[in-house]
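Asker: First the structure, then my questions, so here it is.
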Amino acid sequence: MEFEFLVDNTLHKICLEKKENIFIVSDGEKTYEADIRFISPNIISILIEGRSYRVYFARDREKRFLSLEGQQFTVQEPLEGGEGLQKDEVRSREDELMVKAPMPGKVIKIDVSEKEEVRKNQTLAVVEAMKMENEIKSTIDGYVKKIFVSAGDLVDSEKPLIELEIKE
Amino acid sequence: MLKKILIANRGEIAVRIIKACQEMGIRSVAVYSEADRESLHVQLADEAVCIGPAPAIESYLDMDRIIKTARNAGADAIHPGYGFLAENAEFARRCEKEKIVFIGPNSKALALVGDKVRSRQTMEKAGVPIIPGMKGIAKDFAEYESEAKKIGYPVMIKASAGGGGKGMRVVHDPKELKSSLEAGMREAMSAFGEESVYLEKFIEEPRHVEFQALADNHGNIVHLFERECSIQRRHQKIVEETPSQALNPELRARMGKTAKKVIQVSGYNNAGTVEFLLDKDKNFYFLEVNARLQVEHPVTEMTTGTDLVHQQILIASGEKLPFKQEEILQRGHSIECRIYAEDPDQDFLPSSGKVLFLKEPAGPGVRHDSGIYSGCDVPIYYDPILAKVIVWAENREMACLRMINALDDYVVLGIKTTIHFLKEVISHPQFKAGKTTTSFIKMYFDEGEGKKKTDENLKLALIASAFDSLGKTHVRRSAEATEKEVFSPWLTLGKWRLGGRK
């Protein structure tokens with residue numbers, strides 16, 4: 001069975017088939033056998049060609065969190081609709097114009113007003129989280145189309161703050 | 001001897017102090033904000049009182065509320081930990097007035113060393129070397145501008161009331177001075193409740209070396225050697241160690257003597273840290289006194305065999321220091337890594353949320369001071385420090401190896417942490433060579449250096465994810481098990497509670 005996963009926003013494929021007590025893995029380069037099992041709810045043990053790997057695992061709704069040798073991976077299933085990548089490209093252009101909160105926090109101030117002209121890397125707003133201030137900068141030369149928040153607002157990650165408009 | 005202590009803090013340091021109280025047979029009172037009802041310190045303390053809404057200014061910084069809580073609980077002392085009210089002289093004064101022992105310096109000394117401008121003047125007069133900078137706070141922007149010009153760029157903006165990197169900014173270009181001053185003042189206001197800042201010369205590529213001191217109420221002062229805290233990011237320490245690779249016995253003795261002089265001149269008592277900058281030519285400059293228990297205090301405890309929180313409580317109880325300077329020896333090497341809830345792949349953005357799974361590092365010479373547990377929430381309101389990993393070994397090389405193993409052995413799932421980034425720092429050849437300066441991270445870890453993930457590990461992560469998807473029924477069963485595991489008291493409370501409490 002083929003699986004598609006988004007790992008840190010990149011799409012990856014892997015094929016896994018169950019065969020009696022083991023699994024057949026095809027990773028695009030090679031096909032091999034693997035003994036895979038849950039040792040505890042948060043540990044998956046994998047044996048491949050005599051080598052032993054321990055994967056720490058947790059799940060929160062659609063997100064899986066994995067840790068191997070201290071490296072962390074956030075794994076998600078791609079969004080519905082198949083042609084994920086092309087859509088992503090369109091979305092990323094829209095994303096560039098929609099300035100979003102990079103993390104949950106509190107809007108400290110908005111440095112621009114609607115219709116104002118802005119330069120690339122100009123500070124648009126300041127969001128504070130965990131006592132550190134983070135300057136939100138413009139990704140383009142353009143205009144401020146719309147401002148969705150004001151100083152003092154608590155915002156979630158990915159919450160739209162400011163919409164920009166490309167300079168024609 | 002003190003009988004009941006209110007801990008005016010949260011997170012790992014509150015836990016550390018509560019444990020010290022338990023060891024000494026002292027009752028502990030935790031205070032918490034509405035966001036911290038389920039925090040570890042609330043679970044561990046003998047008593048716990050809610051002191052207000054989530055924002056620190058309405059809870060952990062509310063002096064009236066905390067003093068009232070201490071009085072109502074019958075606490076005879078308050079331990080402020082670090083941050084929040086730890087270096088607030090007004091708070092220390094209020095405690096003194098209410099006849100509640102403030103576990104820290106007397107309010108007069110605290111006011112002096114807490115006012116970095118006045119303490120610099122005092123130290124300059126006493127012949128302690130200092131960095132060129134402003135003699136006072138400017139009355140307007142024009143004065144800051146002319147002072148900056150006089151000192152010479154680059155200049156450093158520093159909060160008069162605080163430390164820990166909050167409110168601090170380096171300004172290279174005069175055009176950036178105004179916006180940086182504003183940002184620095186806002187940060188100072190939100191972190192310390194006071195917005196005054198001053199400027200000083202920014203010394204490039206220095207080492208940050210500090211000396212731990214203890215002073216009892218009877219005029220006895222000792223130092224417990226240095227800690228090197230040069231590995232910093234955004235002026236926030238992330239790795240600390242002792243002994244420093246930059247000191248020889250002669251320089252160590254000279255700096256220790258100067259540190260004791262600083263403590264003495266300030267009329268300081270209890271535990272304090274004298275910070276120095278050490279330049280390339282081994283000149284040292286007095287920076288400031290950190291009038292509190294430091295985040296990095298464990299490395300001193302590991303190498304001197306002293307429990308600094310116990311000593312703080314004993315000193316506050318009026319006891320004399322149990323040792324003389326010549327009886328304090330450094331043994332072996334200790335390193336601390338601070339584990340922050342930050343995402344190294346996204347320019348260290350704070351990462352709040354639920355810790356879905358935690359596996360703490362353990363083993364010979366490994367210590368874990370922590371404020372988190374499997375299932376806990378990390379709120380957006382406070383400092384992103386989650387925990388500290390501290391190792392001790394016979395020598396520095398072994399301490400580095402032990403730290404690398406400990407970080408490998410440490411798993412936090414659900415939020416982003418700096419664990420893997422720290423492993424790369426400790427493994428860096430320049431760190432191993434002891435070439436640590438405050439620009440270390442900028443020089444060797446700029447531009448998402450922490451991003452490299454091996455293809456092999458990625459593949460294994462994919463296999464594990466596919467396996468999880470494939471075994472739907474198994475998954476549902478294990479998800480239920482996860483749920484149960486996460487909220488199991490055996491997992492969250494730790495084994496020390498099993499025996500019950502007196």
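Chain lettering (A, B, ...) mirrors the order of the structure tokens, residue numbering begins at 1 for each chain separately, and ligand numbering begins at 1 in order of display.
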Can you check which residues of chain A have any atom within 9 Å of chain B? Use only C-alpha atoms and format it as a PyMOL selection string.
Answerer: chain A and resi 1-5+7+12-18+23+25+27+36-38+40-42+44-46+53+55-60+63-76+102-106+129-134
Asker: Find the residues around range 201-214 of chain B up to 7 Å (only C-alpha atoms counted), leave out those fewer than 4 positions away in its own chain, and share them as an NGL selection string.
Answerer: :B and (131-133 or 151-152 or 154-156 or 221-230 or 256 or 259 or 270-280 or 437-439)
Asker: Restricting it to N, CA, C and O atoms, dump the selection as a compact mmCIF listing (two decimals), in the first residue's frame.
Answerer:
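Below is the file out22.txt, written as the result:
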# COMPACT_ATOMS: atom_id res chain seq x y z
N ILE B 131 33.13 48.50 31.78
CA ILE B 131 33.05 48.81 30.35
C ILE B 131 32.61 50.26 30.16
O ILE B 131 31.72 50.72 30.85
N PRO B 132 33.22 50.98 29.20
CA PRO B 132 32.80 52.36 28.96
C PRO B 132 31.31 52.43 28.60
O PRO B 132 30.82 51.60 27.83
N GLY B 133 30.60 53.40 29.18
CA GLY B 133 29.18 53.51 28.88
C GLY B 133 28.54 54.68 29.59
O GLY B 133 29.24 55.50 30.20
N ILE B 151 30.16 57.20 22.97
CA ILE B 151 30.69 55.86 23.30
C ILE B 151 31.29 55.22 22.03
O ILE B 151 32.31 54.55 22.09
N GLY B 152 30.64 55.48 20.89
CA GLY B 152 31.10 54.90 19.63
C GLY B 152 30.34 53.63 19.29
O GLY B 152 30.23 52.73 20.12
N PRO B 154 29.68 49.91 17.54
CA PRO B 154 28.35 49.49 17.98
C PRO B 154 28.11 49.71 19.47
O PRO B 154 29.05 49.57 20.27
N VAL B 155 26.87 50.05 19.82
CA VAL B 155 26.52 50.20 21.23
C VAL B 155 25.49 49.14 21.61
O VAL B 155 24.83 48.57 20.77
N MET B 156 25.39 48.92 22.91
CA MET B 156 24.46 47.92 23.43
C MET B 156 23.41 48.62 24.27
O MET B 156 23.74 49.44 25.11
N ILE B 221 32.02 36.15 53.26
CA ILE B 221 31.80 36.05 51.82
C ILE B 221 32.72 34.99 51.23
O ILE B 221 33.91 34.97 51.53
N VAL B 222 32.17 34.11 50.40
CA VAL B 222 33.02 33.19 49.63
C VAL B 222 32.57 33.24 48.16
O VAL B 222 31.46 33.65 47.86
N HIS B 223 33.48 32.84 47.27
CA HIS B 223 33.04 32.60 45.90
C HIS B 223 33.17 31.12 45.62
O HIS B 223 33.98 30.42 46.26
N LEU B 224 32.33 30.62 44.70
CA LEU B 224 32.37 29.19 44.35
C LEU B 224 32.82 29.01 42.91
O LEU B 224 32.25 28.24 42.15
N PHE B 225 33.79 29.81 42.54
CA PHE B 225 34.42 29.74 41.23
C PHE B 225 33.49 30.22 40.11
O PHE B 225 32.42 30.73 40.37
N GLU B 226 33.99 30.01 38.88
CA GLU B 226 33.34 30.64 37.74
C GLU B 226 32.35 29.73 37.03
O GLU B 226 32.35 28.50 37.21
N ARG B 227 31.55 30.35 36.17
CA ARG B 227 30.79 29.62 35.16
C ARG B 227 31.04 30.36 33.86
O ARG B 227 31.00 31.59 33.83
N GLU B 228 31.30 29.63 32.82
CA GLU B 228 31.41 30.28 31.53
C GLU B 228 30.09 30.12 30.79
O GLU B 228 29.58 29.01 30.62
N CYS B 229 29.54 31.25 30.36
CA CYS B 229 28.21 31.25 29.74
C CYS B 229 28.29 31.96 28.40
O CYS B 229 27.45 32.79 28.05
N SER B 230 29.31 31.66 27.62
CA SER B 230 29.53 32.41 26.38
C SER B 230 28.59 31.99 25.27
O SER B 230 28.34 32.76 24.36
N GLY B 256 38.10 35.96 41.15
CA GLY B 256 37.35 35.57 42.35
C GLY B 256 37.46 36.62 43.44
O GLY B 256 36.48 36.95 44.11
N ALA B 259 35.35 39.54 42.48
CA ALA B 259 33.93 39.22 42.69
C ALA B 259 33.55 39.42 44.15
O ALA B 259 32.51 40.01 44.46
N ASN B 270 23.29 36.79 50.90
CA ASN B 270 22.70 35.62 50.22
C ASN B 270 23.45 35.30 48.93
O ASN B 270 24.58 35.71 48.74
N ALA B 271 22.84 34.51 48.04
CA ALA B 271 23.55 34.06 46.83
C ALA B 271 23.48 35.14 45.76
O ALA B 271 22.44 35.75 45.57
N GLY B 272 24.60 35.33 45.08
CA GLY B 272 24.62 36.31 44.00
C GLY B 272 25.69 35.93 43.00
O GLY B 272 26.58 35.13 43.31
N THR B 273 25.57 36.47 41.81
CA THR B 273 26.55 36.16 40.79
C THR B 273 27.14 37.44 40.23
O THR B 273 26.40 38.37 39.89
N VAL B 274 28.45 37.47 40.15
CA VAL B 274 29.12 38.64 39.61
C VAL B 274 29.52 38.31 38.17
O VAL B 274 30.30 37.39 37.93
N GLU B 275 28.95 39.05 37.23
CA GLU B 275 29.21 38.80 35.82
C GLU B 275 30.36 39.65 35.31
O GLU B 275 30.41 40.85 35.57
N PHE B 276 31.24 39.02 34.54
CA PHE B 276 32.33 39.73 33.88
C PHE B 276 32.32 39.44 32.39
O PHE B 276 31.88 38.37 31.96
N LEU B 277 32.81 40.40 31.61
CA LEU B 277 33.16 40.10 30.23
C LEU B 277 34.67 39.95 30.20
O LEU B 277 35.39 40.72 30.81
N LEU B 278 35.12 38.94 29.46
CA LEU B 278 36.55 38.70 29.34
C LEU B 278 36.91 38.92 27.88
O LEU B 278 36.35 38.25 27.01
N ASP B 279 37.80 39.86 27.60
CA ASP B 279 38.11 40.10 26.19
C ASP B 279 39.24 39.19 25.70
O ASP B 279 39.77 38.37 26.44
N LYS B 280 39.57 39.34 24.41
CA LYS B 280 40.54 38.44 23.79
C LYS B 280 41.88 38.43 24.51
O LYS B 280 42.60 37.45 24.53
N THR B 437 32.95 31.82 22.37
CA THR B 437 32.78 33.26 22.58
C THR B 437 31.29 33.55 22.44
O THR B 437 30.53 32.69 22.00
N THR B 438 30.88 34.77 22.77
CA THR B 438 29.45 35.08 22.71
C THR B 438 28.94 35.14 21.27
O THR B 438 27.75 35.17 21.04
N SER B 439 29.87 35.16 20.28
CA SER B 439 29.41 35.14 18.88
C SER B 439 29.40 33.73 18.29
O SER B 439 29.21 33.56 17.09
Asker: Near Leu251 in chain B, within 12 Å and counting only C-alpha atoms, which residues show up once chain neighbours fewer than 3 positions away are dropped, as number ranges by chain?
Answerer: B: 209, 225-226, 244-248, 254-258, 278, 281-284
Asker: Write out as a ChimeraX atom specification all residues of range 236-265 of chain B that backbone DSSP assigns to alpha helix (DSSP H).
Answerer: /B:249-265
Asker: Can I get the selection written as a compact mmCIF listing (two decimals), in the first residue's frame, with N, CA, C and O atoms?
Answerer:
# COMPACT_ATOMS: atom_id res chain seq x y z
N PRO B 249 44.84 29.37 36.79
CA PRO B 249 44.64 29.54 38.25
C PRO B 249 44.88 30.98 38.72
O PRO B 249 44.15 31.48 39.58
N GLU B 250 45.84 31.64 38.10
CA GLU B 250 46.16 33.01 38.54
C GLU B 250 45.02 33.97 38.23
O GLU B 250 44.55 34.73 39.09
N LEU B 251 44.50 33.92 36.99
CA LEU B 251 43.38 34.78 36.58
C LEU B 251 42.12 34.45 37.37
O LEU B 251 41.37 35.33 37.80
N ARG B 252 41.92 33.16 37.59
CA ARG B 252 40.75 32.70 38.36
C ARG B 252 40.78 33.31 39.76
O ARG B 252 39.76 33.82 40.25
N ALA B 253 41.92 33.26 40.38
CA ALA B 253 42.05 33.79 41.73
C ALA B 253 41.81 35.30 41.74
O ALA B 253 41.14 35.84 42.63
N ARG B 254 42.35 35.99 40.73
CA ARG B 254 42.20 37.44 40.65
C ARG B 254 40.73 37.83 40.44
O ARG B 254 40.20 38.73 41.08
N MET B 255 40.06 37.11 39.54
CA MET B 255 38.65 37.42 39.28
C MET B 255 37.77 37.07 40.49
O MET B 255 36.84 37.80 40.83
N GLY B 256 38.10 35.96 41.15
CA GLY B 256 37.35 35.57 42.35
C GLY B 256 37.46 36.62 43.44
O GLY B 256 36.48 36.95 44.11
N LYS B 257 38.67 37.14 43.57
CA LYS B 257 38.90 38.17 44.58
C LYS B 257 38.09 39.43 44.25
O LYS B 257 37.46 40.05 45.12
N THR B 258 38.09 39.80 42.96
CA THR B 258 37.32 40.97 42.52
C THR B 258 35.82 40.75 42.77
O THR B 258 35.11 41.66 43.21
N ALA B 259 35.35 39.54 42.48
CA ALA B 259 33.93 39.22 42.69
C ALA B 259 33.55 39.42 44.15
O ALA B 259 32.51 40.01 44.46
N LYS B 260 34.41 38.95 45.05
CA LYS B 260 34.12 39.10 46.47
C LYS B 260 34.11 40.57 46.88
O LYS B 260 33.30 41.00 47.70
N LYS B 261 34.98 41.34 46.23
CA LYS B 261 35.02 42.77 46.52
C LYS B 261 33.71 43.43 46.08
O LYS B 261 33.15 44.27 46.80
N VAL B 262 33.22 43.05 44.91
CA VAL B 262 31.96 43.60 44.39
C VAL B 262 30.82 43.32 45.39
O VAL B 262 30.02 44.20 45.71
N ILE B 263 30.77 42.08 45.89
CA ILE B 263 29.74 41.68 46.85
C ILE B 263 29.85 42.50 48.13
O ILE B 263 28.86 43.00 48.67
N GLN B 264 31.10 42.66 48.56
CA GLN B 264 31.33 43.37 49.82
C GLN B 264 30.98 44.85 49.70
O GLN B 264 30.27 45.40 50.54
N VAL B 265 31.43 45.49 48.63
CA VAL B 265 31.18 46.92 48.41
C VAL B 265 29.68 47.19 48.30
O VAL B 265 29.18 48.25 48.71
Asker: From a backbone DSSP assignment, name each residue in range 83-164 of chain A labelled strand (DSSP E or B), as a ChimeraX atom specification.
Answerer: /A:98-100,105-110,117-118,123-129,132-137,142-147,154-155,160-164
